[in-house]
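Q: Take a look at input06.cif, mmCIF, C-alpha atoms:
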data_upload
loop_
_atom_site.group_PDB
_atom_site.id
_atom_site.type_symbol
_atom_site.label_atom_id
_atom_site.label_comp_id
_atom_site.auth_asym_id
_atom_site.auth_seq_id
_atom_site.Cartn_x
_atom_site.Cartn_y
_atom_site.Cartn_z
ATOM 1 C CA MET A 239 -11.192 -14.668 -5.447
ATOM 2 C CA SER A 240 -10.597 -12.875 -2.197
ATOM 3 C CA PHE A 241 -6.905 -13.812 -2.075
ATOM 4 C CA LEU A 242 -6.275 -11.823 -5.255
ATOM 5 C CA ARG A 243 -5.957 -8.340 -3.850
ATOM 6 C CA ARG A 244 -3.619 -5.430 -4.295
ATOM 7 C CA ARG A 245 -0.986 -5.081 -1.631
ATOM 8 C CA SER A 246 -0.609 -1.660 -0.065
ATOM 9 C CA ALA A 247 3.114 -0.934 0.114
ATOM 10 C CA THR A 248 5.997 -3.167 -0.873
ATOM 11 C CA PRO A 249 9.492 -1.656 -1.093
ATOM 12 C CA ALA A 250 10.576 -3.803 -4.051
ATOM 13 C CA GLY A 251 8.719 -6.094 -6.393
ATOM 14 C CA PRO A 252 5.096 -6.047 -7.469
ATOM 15 C CA ASP A 253 2.335 -4.323 -5.517
ATOM 16 C CA PHE A 254 -0.100 -7.072 -6.512
ATOM 17 C CA ASP A 255 -0.334 -10.788 -5.829
ATOM 18 C CA VAL A 256 1.305 -12.958 -8.485
ATOM 19 C CA LEU A 257 -0.735 -15.967 -9.513
ATOM 20 C CA ALA A 258 1.392 -18.853 -10.798
ATOM 21 C CA MET A 259 2.539 -22.382 -10.014
ATOM 22 C CA ASP A 260 4.583 -22.817 -6.840
ATOM 23 C CA PRO A 261 8.283 -23.189 -7.775
ATOM 24 C CA GLY A 262 8.508 -26.078 -5.288
ATOM 25 C CA ASP A 263 5.958 -27.995 -7.362
ATOM 26 C CA TRP A 264 7.971 -27.578 -10.580
ATOM 27 C CA PRO A 265 10.745 -30.099 -11.349
ATOM 28 C CA GLY A 266 12.756 -27.831 -13.692
ATOM 29 C CA ASN A 267 14.369 -24.408 -13.451
ATOM 30 C CA LEU A 268 12.360 -21.286 -12.676
ATOM 31 C CA GLY A 269 13.168 -17.693 -13.558
ATOM 32 C CA ALA A 270 11.189 -14.564 -12.760
ATOM 33 C CA GLY A 271 11.255 -11.171 -14.424
ATOM 34 C CA LEU A 272 9.785 -7.839 -13.366
ATOM 35 C CA LEU A 273 8.675 -5.182 -15.840
ATOM 36 C CA PRO A 274 9.669 -1.842 -14.297
ATOM 37 C CA ALA A 275 8.042 1.466 -15.167
ATOM 38 C CA PRO A 276 10.165 4.643 -15.360
ATOM 39 C CA ASP A 277 8.881 5.643 -11.900
ATOM 40 C CA GLY A 278 10.108 2.358 -10.390
ATOM 41 C CA SER A 279 6.684 0.754 -10.007
ATOM 42 C CA CYS A 280 6.144 -2.790 -11.208
ATOM 43 C CA GLN A 281 4.180 -3.033 -14.459
ATOM 44 C CA GLY A 282 4.104 -6.807 -14.498
ATOM 45 C CA VAL A 283 5.736 -10.070 -13.514
ATOM 46 C CA PHE A 284 6.442 -13.067 -15.686
ATOM 47 C CA LEU A 285 7.694 -16.473 -14.584
ATOM 48 C CA ARG A 286 9.622 -18.756 -16.903
ATOM 49 C CA TYR A 287 9.348 -22.480 -16.195
ATOM 50 C CA ASP A 288 12.122 -24.503 -17.863
ATOM 51 C CA LEU A 289 11.715 -28.263 -18.165
ATOM 52 C CA PHE A 290 14.160 -28.699 -21.000
ATOM 53 C CA GLY A 291 17.422 -28.559 -19.025
ATOM 54 C CA GLY A 292 18.441 -25.067 -20.062
ATOM 55 C CA ARG A 293 17.417 -25.523 -23.685
ATOM 56 C CA GLY A 294 14.413 -23.249 -23.394
ATOM 57 C CA PRO A 295 11.268 -22.775 -21.376
ATOM 58 C CA ALA A 296 8.256 -25.028 -21.416
ATOM 59 C CA MET A 297 5.951 -22.303 -20.113
ATOM 60 C CA ILE A 298 5.758 -18.600 -19.297
ATOM 61 C CA ILE A 299 3.081 -17.213 -16.960
ATOM 62 C CA GLY A 300 2.608 -13.443 -16.899
ATOM 63 C CA ASN A 301 0.702 -11.229 -14.476
ATOM 64 C CA LEU A 302 0.086 -7.732 -15.888
ATOM 65 C CA PRO A 303 -1.854 -5.165 -13.848
ATOM 66 C CA GLU A 304 -4.323 -2.729 -15.338
ATOM 67 C CA GLY A 305 -2.463 0.082 -17.101
ATOM 68 C CA SER A 306 0.619 -1.998 -17.927
ATOM 69 C CA PRO A 307 1.877 -1.049 -21.406
ATOM 70 C CA ALA A 308 2.646 -4.743 -22.060
ATOM 71 C CA ARG A 309 -1.123 -5.394 -22.093
ATOM 72 C CA GLU A 310 -1.690 -3.045 -25.014
ATOM 73 C CA VAL A 311 -1.519 -5.111 -28.189
ATOM 74 C CA THR A 312 -3.143 -4.462 -31.533
ATOM 75 C CA GLU A 313 -5.475 -6.965 -33.170
ATOM 76 C CA GLY A 314 -3.543 -9.999 -34.398
ATOM 77 C CA GLU A 315 -0.481 -9.127 -32.303
ATOM 78 C CA ILE A 316 0.814 -11.779 -29.899
ATOM 79 C CA PRO A 317 0.764 -11.246 -26.120
ATOM 80 C CA PHE A 318 3.944 -10.164 -24.335
ATOM 81 C CA GLU A 319 4.386 -13.655 -22.818
ATOM 82 C CA VAL A 320 4.327 -15.357 -26.228
ATOM 83 C CA ALA A 321 6.969 -12.907 -27.455
ATOM 84 C CA GLN A 322 9.105 -13.727 -24.376
ATOM 85 C CA LEU A 323 8.677 -17.453 -25.037
ATOM 86 C CA LEU A 324 9.796 -17.067 -28.650
ATOM 87 C CA LEU A 325 12.738 -14.899 -27.583
ATOM 88 C CA ALA A 326 13.849 -17.465 -24.978
ATOM 89 C CA LEU A 327 13.604 -20.244 -27.561
ATOM 90 C CA GLU A 328 15.584 -18.109 -30.035
ATOM 91 C CA ASN A 329 12.731 -18.525 -32.493
ATOM 92 C CA ASP A 330 12.502 -15.480 -34.744
ATOM 93 C CA GLU A 331 9.551 -16.754 -36.783
ATOM 94 C CA GLU A 332 6.774 -14.203 -37.136
ATOM 95 C CA VAL A 333 3.768 -15.379 -35.123
ATOM 96 C CA THR A 334 0.312 -13.819 -35.106
ATOM 97 C CA VAL A 335 -2.993 -14.401 -33.360
ATOM 98 C CA VAL A 336 -5.424 -15.926 -35.846
ATOM 99 C CA GLY A 337 -8.416 -16.442 -33.563
ATOM 100 C CA SER A 338 -9.703 -16.799 -30.019
ATOM 101 C CA GLU A 339 -12.381 -18.629 -28.082
ATOM 102 C CA ASP A 340 -13.821 -17.906 -24.620
ATOM 103 C CA VAL A 341 -14.189 -20.997 -22.424
ATOM 104 C CA PRO A 342 -15.574 -21.249 -18.851
ATOM 105 C CA VAL A 343 -13.186 -23.000 -16.443
ATOM 106 C CA MET A 344 -13.497 -23.679 -12.708
ATOM 107 C CA GLN A 345 -10.573 -22.803 -10.437
ATOM 108 C CA GLY A 346 -11.569 -24.116 -7.033
ATOM 109 C CA ASP A 347 -14.894 -22.393 -6.310
ATOM 110 C CA ASN A 348 -14.280 -19.627 -8.836
ATOM 111 C CA LEU A 349 -15.466 -19.488 -12.421
ATOM 112 C CA LEU A 350 -12.913 -18.112 -14.880
ATOM 113 C CA ILE A 351 -13.676 -17.065 -18.411
ATOM 114 C CA VAL A 352 -10.523 -18.194 -20.182
ATOM 115 C CA ARG A 353 -9.660 -16.827 -23.602
ATOM 116 C CA ARG A 354 -7.841 -19.479 -25.654
ATOM 117 C CA LEU A 355 -5.766 -17.827 -28.357
ATOM 118 C CA LYS A 356 -5.128 -19.638 -31.614
ATOM 119 C CA LEU A 357 -1.716 -18.697 -33.008
ATOM 120 C CA SER A 358 -0.144 -19.092 -36.434
ATOM 121 C CA GLU A 359 2.565 -21.220 -34.732
ATOM 122 C CA SER A 360 0.682 -24.384 -33.724
ATOM 123 C CA ARG A 361 3.361 -25.514 -31.234
ATOM 124 C CA ILE A 362 2.454 -22.603 -28.934
ATOM 125 C CA SER A 363 -0.566 -22.848 -26.639
ATOM 126 C CA CYS A 364 -1.777 -19.597 -25.076
ATOM 127 C CA VAL A 365 -4.592 -18.720 -22.691
ATOM 128 C CA GLN A 366 -5.550 -15.520 -20.864
ATOM 129 C CA PHE A 367 -7.948 -14.587 -18.084
ATOM 130 C CA ASP A 368 -8.694 -11.498 -16.021
ATOM 131 C CA ARG A 369 -8.539 -11.778 -12.249
ATOM 132 C CA SER A 370 -10.936 -10.043 -9.874
ATOM 133 C CA ASP A 371 -8.280 -7.378 -9.178
ATOM 134 C CA ASN A 372 -7.942 -6.534 -12.916
ATOM 135 C CA VAL A 373 -4.600 -8.312 -13.332
ATOM 136 C CA LEU A 374 -4.374 -10.130 -16.671
ATOM 137 C CA VAL A 375 -2.856 -13.608 -16.418
ATOM 138 C CA THR A 376 -1.409 -15.055 -19.615
ATOM 139 C CA ILE A 377 -0.010 -18.570 -19.910
ATOM 140 C CA ALA A 378 2.081 -19.457 -22.955
ATOM 141 C CA ALA A 379 3.395 -23.007 -23.369
ATOM 142 C CA TRP A 380 5.719 -24.503 -25.944
ATOM 143 C CA ASP A 381 4.880 -27.825 -27.549
ATOM 144 C CA ARG A 382 2.357 -28.891 -24.889
ATOM 145 C CA PRO A 383 -1.368 -28.190 -24.593
ATOM 146 C CA ILE A 384 -2.743 -26.146 -21.691
ATOM 147 C CA THR A 385 -5.357 -28.318 -20.006
ATOM 148 C CA ASP A 386 -7.951 -27.437 -17.359
ATOM 149 C CA ASP A 387 -5.809 -29.303 -14.776
ATOM 150 C CA LEU A 388 -3.282 -26.473 -14.895
ATOM 151 C CA TYR A 389 -5.711 -23.954 -13.358
ATOM 152 C CA ALA A 390 -5.909 -26.062 -10.172
ATOM 153 C CA LEU A 391 -2.124 -25.620 -9.740
ATOM 154 C CA LEU A 392 -2.258 -21.808 -9.870
ATOM 155 C CA LYS A 393 -1.995 -19.978 -6.552
ATOM 156 C CA PRO A 394 -0.678 -16.673 -5.227
ATOM 157 C CA LEU A 395 3.074 -16.775 -4.644
ATOM 158 C CA PRO A 396 4.599 -15.194 -1.537
ATOM 159 C CA ALA A 397 5.772 -11.597 -1.943
ATOM 160 C CA GLU A 398 9.212 -12.564 -0.613
ATOM 161 C CA LEU A 399 9.920 -14.332 -3.927
ATOM 162 C CA PHE A 400 10.044 -10.941 -5.634
ATOM 163 C CA GLN A 401 11.964 -8.895 -3.042
ATOM 164 C CA GLN A 402 15.465 -7.721 -3.852
ATOM 165 C CA GLY A 403 18.038 -9.094 -1.423
#
The structure given in the file should be rewritten as structure tokens.
A:
Amino acid sequence: MSFLRRRSATPAGPDFDVLAMDPGDWPGNLGAGLLPAPDGSCQGVFLRYDLFGGRGPAMIIGNLPEGSPAREVTEGEIPFEVAQLLLALENDEEVTVVGSEDVPVMQGDNLLIVRRLKLSESRISCVQFDRSDNVLVTIAAWDRPITDDLYALLKPLPAELFQQG
């Protein structure tokens, strides 16, 4: 995945490419959040795709670089993106990871080893994979399965999307 590389210097926003669905391809609302570190560096980006007309997101896609504290979860603990999905849906039910399965998936000419997480809340689908630049991508969806077709829609988004005006 040669397009997934670290950028050298960006004044604001992430210093890594963000892999997600193009906002122009999404019919609903899109929101993006940056996870800042105390030193001002970006420790991750998550995109919230809302298909429900402001009533909550359908999907959250996170990109967390190596060393991001949001990547550090204990066994059974849900990923950051699942927690953000539950928060956005105002769902305070306790959810845990009850299992996982590694599945090979093709994305263009690249083979991904996708980790499908099984959660105690069956309405949440969650998958994770590591990119070649050690950025962890997590996709959490509410009330819809994550199919292999989704991986074909993922692409690096332009850095300008994450620049402060």
Q: Set the distance at 8 Å and use all atoms listed in the file: which residues neighbour region 327-334 of chain A once local chain neighbours fewer than 3 positions away are removed? I'd like the list as a list in words.
A: Arg293, Gly294, Pro295, Gly314, Glu315, Ile316, Leu323, Leu324, Leu357, Ser358 and Glu359 of chain A
Q: What do you get, as a VMD selection string, if you spell out every residue that the PyMOL selection byres ((chain A and resi 286) around 9) selects here?
A: chain A and resid 267 to 271 284 to 285 287 to 288 295 to 300 323
Q: Counting only C-alpha atoms, I want the residues whose atoms come within 6 Å of (2.3, -18.3, -27.6) in the file frame, returned as a list of chain:residue names.
A: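 Residues satisfying the cut-off, written out: A:Val320, A:Ile362, A:Ser363, A:Cys364, A:Ala378.
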Q: Ranking A:Val343, A:Pro252, A:Pro261, A:Val311 by minimum distance to Leu388 (chain A) and counting all atoms listed in the file, which one comes first?
A: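 Of all the options, A:Val343 lies closest to Leu388 (chain A).
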Q: Please write as a PyMOL selection string the full residue list that the PyMOL selection byres ((chain A and resi 367-376) around 6) yields on this file.
A: chain A and resi 243+299-304+352+365-366+377
Q: Could those selected residues go to a file with C-alpha atoms, as a PDB file, in the frame of the given file?
A:
ATOM      1  CA  ARG A 243      -5.957  -8.340  -3.850  1.00  0.00           C
ATOM      2  CA  ILE A 299       3.081 -17.213 -16.960  1.00  0.00           C
ATOM      3  CA  GLY A 300       2.608 -13.443 -16.899  1.00  0.00           C
ATOM      4  CA  ASN A 301       0.702 -11.229 -14.476  1.00  0.00           C
ATOM      5  CA  LEU A 302       0.086  -7.732 -15.888  1.00  0.00           C
ATOM      6  CA  PRO A 303      -1.854  -5.165 -13.848  1.00  0.00           C
ATOM      7  CA  GLU A 304      -4.323  -2.729 -15.338  1.00  0.00           C
ATOM      8  CA  VAL A 352     -10.523 -18.194 -20.182  1.00  0.00           C
ATOM      9  CA  VAL A 365      -4.592 -18.720 -22.691  1.00  0.00           C
ATOM     10  CA  GLN A 366      -5.550 -15.520 -20.864  1.00  0.00           C
ATOM     11  CA  ILE A 377      -0.010 -18.570 -19.910  1.00  0.00           C
TER      12      ILE A 377
END
Q: Since the input has fewer atoms than a full residue there, write region 294-317 of chain A out with N, CA and C atoms, as an mmCIF file, keeping the file's coordinate frame.
A:
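Once written, out.cif looks like this:
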data_model
loop_
_atom_site.group_PDB
_atom_site.id
_atom_site.type_symbol
_atom_site.label_atom_id
_atom_site.label_comp_id
_atom_site.auth_asym_id
_atom_site.auth_seq_id
_atom_site.Cartn_x
_atom_site.Cartn_y
_atom_site.Cartn_z
ATOM 1 N N GLY A 294 15.571 -24.080 -23.088
ATOM 2 C CA GLY A 294 14.413 -23.249 -23.394
ATOM 3 C C GLY A 294 13.267 -23.548 -22.464
ATOM 4 N N PRO A 295 12.374 -22.605 -22.318
ATOM 5 C CA PRO A 295 11.268 -22.775 -21.376
ATOM 6 C C PRO A 295 10.158 -23.647 -21.942
ATOM 7 N N ALA A 296 9.453 -24.287 -21.040
ATOM 8 C CA ALA A 296 8.256 -25.028 -21.416
ATOM 9 C C ALA A 296 7.043 -24.123 -21.301
ATOM 10 N N MET A 297 7.135 -23.121 -20.383
ATOM 11 C CA MET A 297 5.951 -22.303 -20.113
ATOM 12 C C MET A 297 6.356 -20.947 -19.539
ATOM 13 N N ILE A 298 5.607 -19.925 -19.897
ATOM 14 C CA ILE A 298 5.758 -18.600 -19.297
ATOM 15 C C ILE A 298 4.384 -18.174 -18.800
ATOM 16 N N ILE A 299 4.324 -17.724 -17.537
ATOM 17 C CA ILE A 299 3.081 -17.213 -16.960
ATOM 18 C C ILE A 299 3.312 -15.754 -16.609
ATOM 19 N N GLY A 300 2.493 -14.868 -17.169
ATOM 20 C CA GLY A 300 2.608 -13.443 -16.899
ATOM 21 C C GLY A 300 1.439 -12.928 -16.094
ATOM 22 N N ASN A 301 1.718 -11.944 -15.252
ATOM 23 C CA ASN A 301 0.702 -11.229 -14.476
ATOM 24 C C ASN A 301 0.899 -9.749 -14.771
ATOM 25 N N LEU A 302 -0.032 -9.136 -15.491
ATOM 26 C CA LEU A 302 0.086 -7.732 -15.888
ATOM 27 C C LEU A 302 -1.075 -6.938 -15.312
ATOM 28 N N PRO A 303 -0.772 -5.959 -14.445
ATOM 29 C CA PRO A 303 -1.854 -5.165 -13.848
ATOM 30 C C PRO A 303 -2.480 -4.216 -14.863
ATOM 31 N N GLU A 304 -3.638 -3.717 -14.506
ATOM 32 C CA GLU A 304 -4.323 -2.729 -15.338
ATOM 33 C C GLU A 304 -3.398 -1.538 -15.551
ATOM 34 N N GLY A 305 -3.314 -1.059 -16.783
ATOM 35 C CA GLY A 305 -2.463 0.082 -17.101
ATOM 36 C C GLY A 305 -1.069 -0.292 -17.563
ATOM 37 N N SER A 306 -0.704 -1.568 -17.478
ATOM 38 C CA SER A 306 0.619 -1.998 -17.927
ATOM 39 C C SER A 306 0.703 -1.864 -19.446
ATOM 40 N N PRO A 307 1.759 -1.187 -19.952
ATOM 41 C CA PRO A 307 1.877 -1.049 -21.406
ATOM 42 C C PRO A 307 2.008 -2.391 -22.131
ATOM 43 N N ALA A 308 2.492 -3.427 -21.434
ATOM 44 C CA ALA A 308 2.646 -4.743 -22.060
ATOM 45 C C ALA A 308 1.299 -5.380 -22.398
ATOM 46 N N ARG A 309 0.224 -4.869 -21.795
ATOM 47 C CA ARG A 309 -1.123 -5.394 -22.093
ATOM 48 C C ARG A 309 -1.679 -4.849 -23.395
ATOM 49 N N GLU A 310 -1.143 -3.725 -23.843
ATOM 50 C CA GLU A 310 -1.690 -3.045 -25.014
ATOM 51 C C GLU A 310 -1.127 -3.646 -26.296
ATOM 52 N N VAL A 311 -1.912 -4.499 -26.919
ATOM 53 C CA VAL A 311 -1.519 -5.111 -28.189
ATOM 54 C C VAL A 311 -2.597 -4.825 -29.225
ATOM 55 N N THR A 312 -2.186 -4.692 -30.458
ATOM 56 C CA THR A 312 -3.143 -4.462 -31.533
ATOM 57 C C THR A 312 -3.723 -5.800 -31.977
ATOM 58 N N GLU A 313 -4.817 -5.744 -32.704
ATOM 59 C CA GLU A 313 -5.475 -6.965 -33.170
ATOM 60 C C GLU A 313 -4.512 -7.802 -34.004
ATOM 61 N N GLY A 314 -4.430 -9.089 -33.686
ATOM 62 C CA GLY A 314 -3.543 -9.999 -34.398
ATOM 63 C C GLY A 314 -2.149 -10.080 -33.803
ATOM 64 N N GLU A 315 -1.795 -9.126 -32.928
ATOM 65 C CA GLU A 315 -0.481 -9.127 -32.303
ATOM 66 C C GLU A 315 -0.456 -10.124 -31.138
ATOM 67 N N ILE A 316 0.693 -10.782 -30.960
ATOM 68 C CA ILE A 316 0.814 -11.779 -29.899
ATOM 69 C C ILE A 316 0.993 -11.109 -28.535
ATOM 70 N N PRO A 317 0.549 -11.775 -27.466
ATOM 71 C CA PRO A 317 0.764 -11.246 -26.120
ATOM 72 C C PRO A 317 2.256 -11.193 -25.772
#
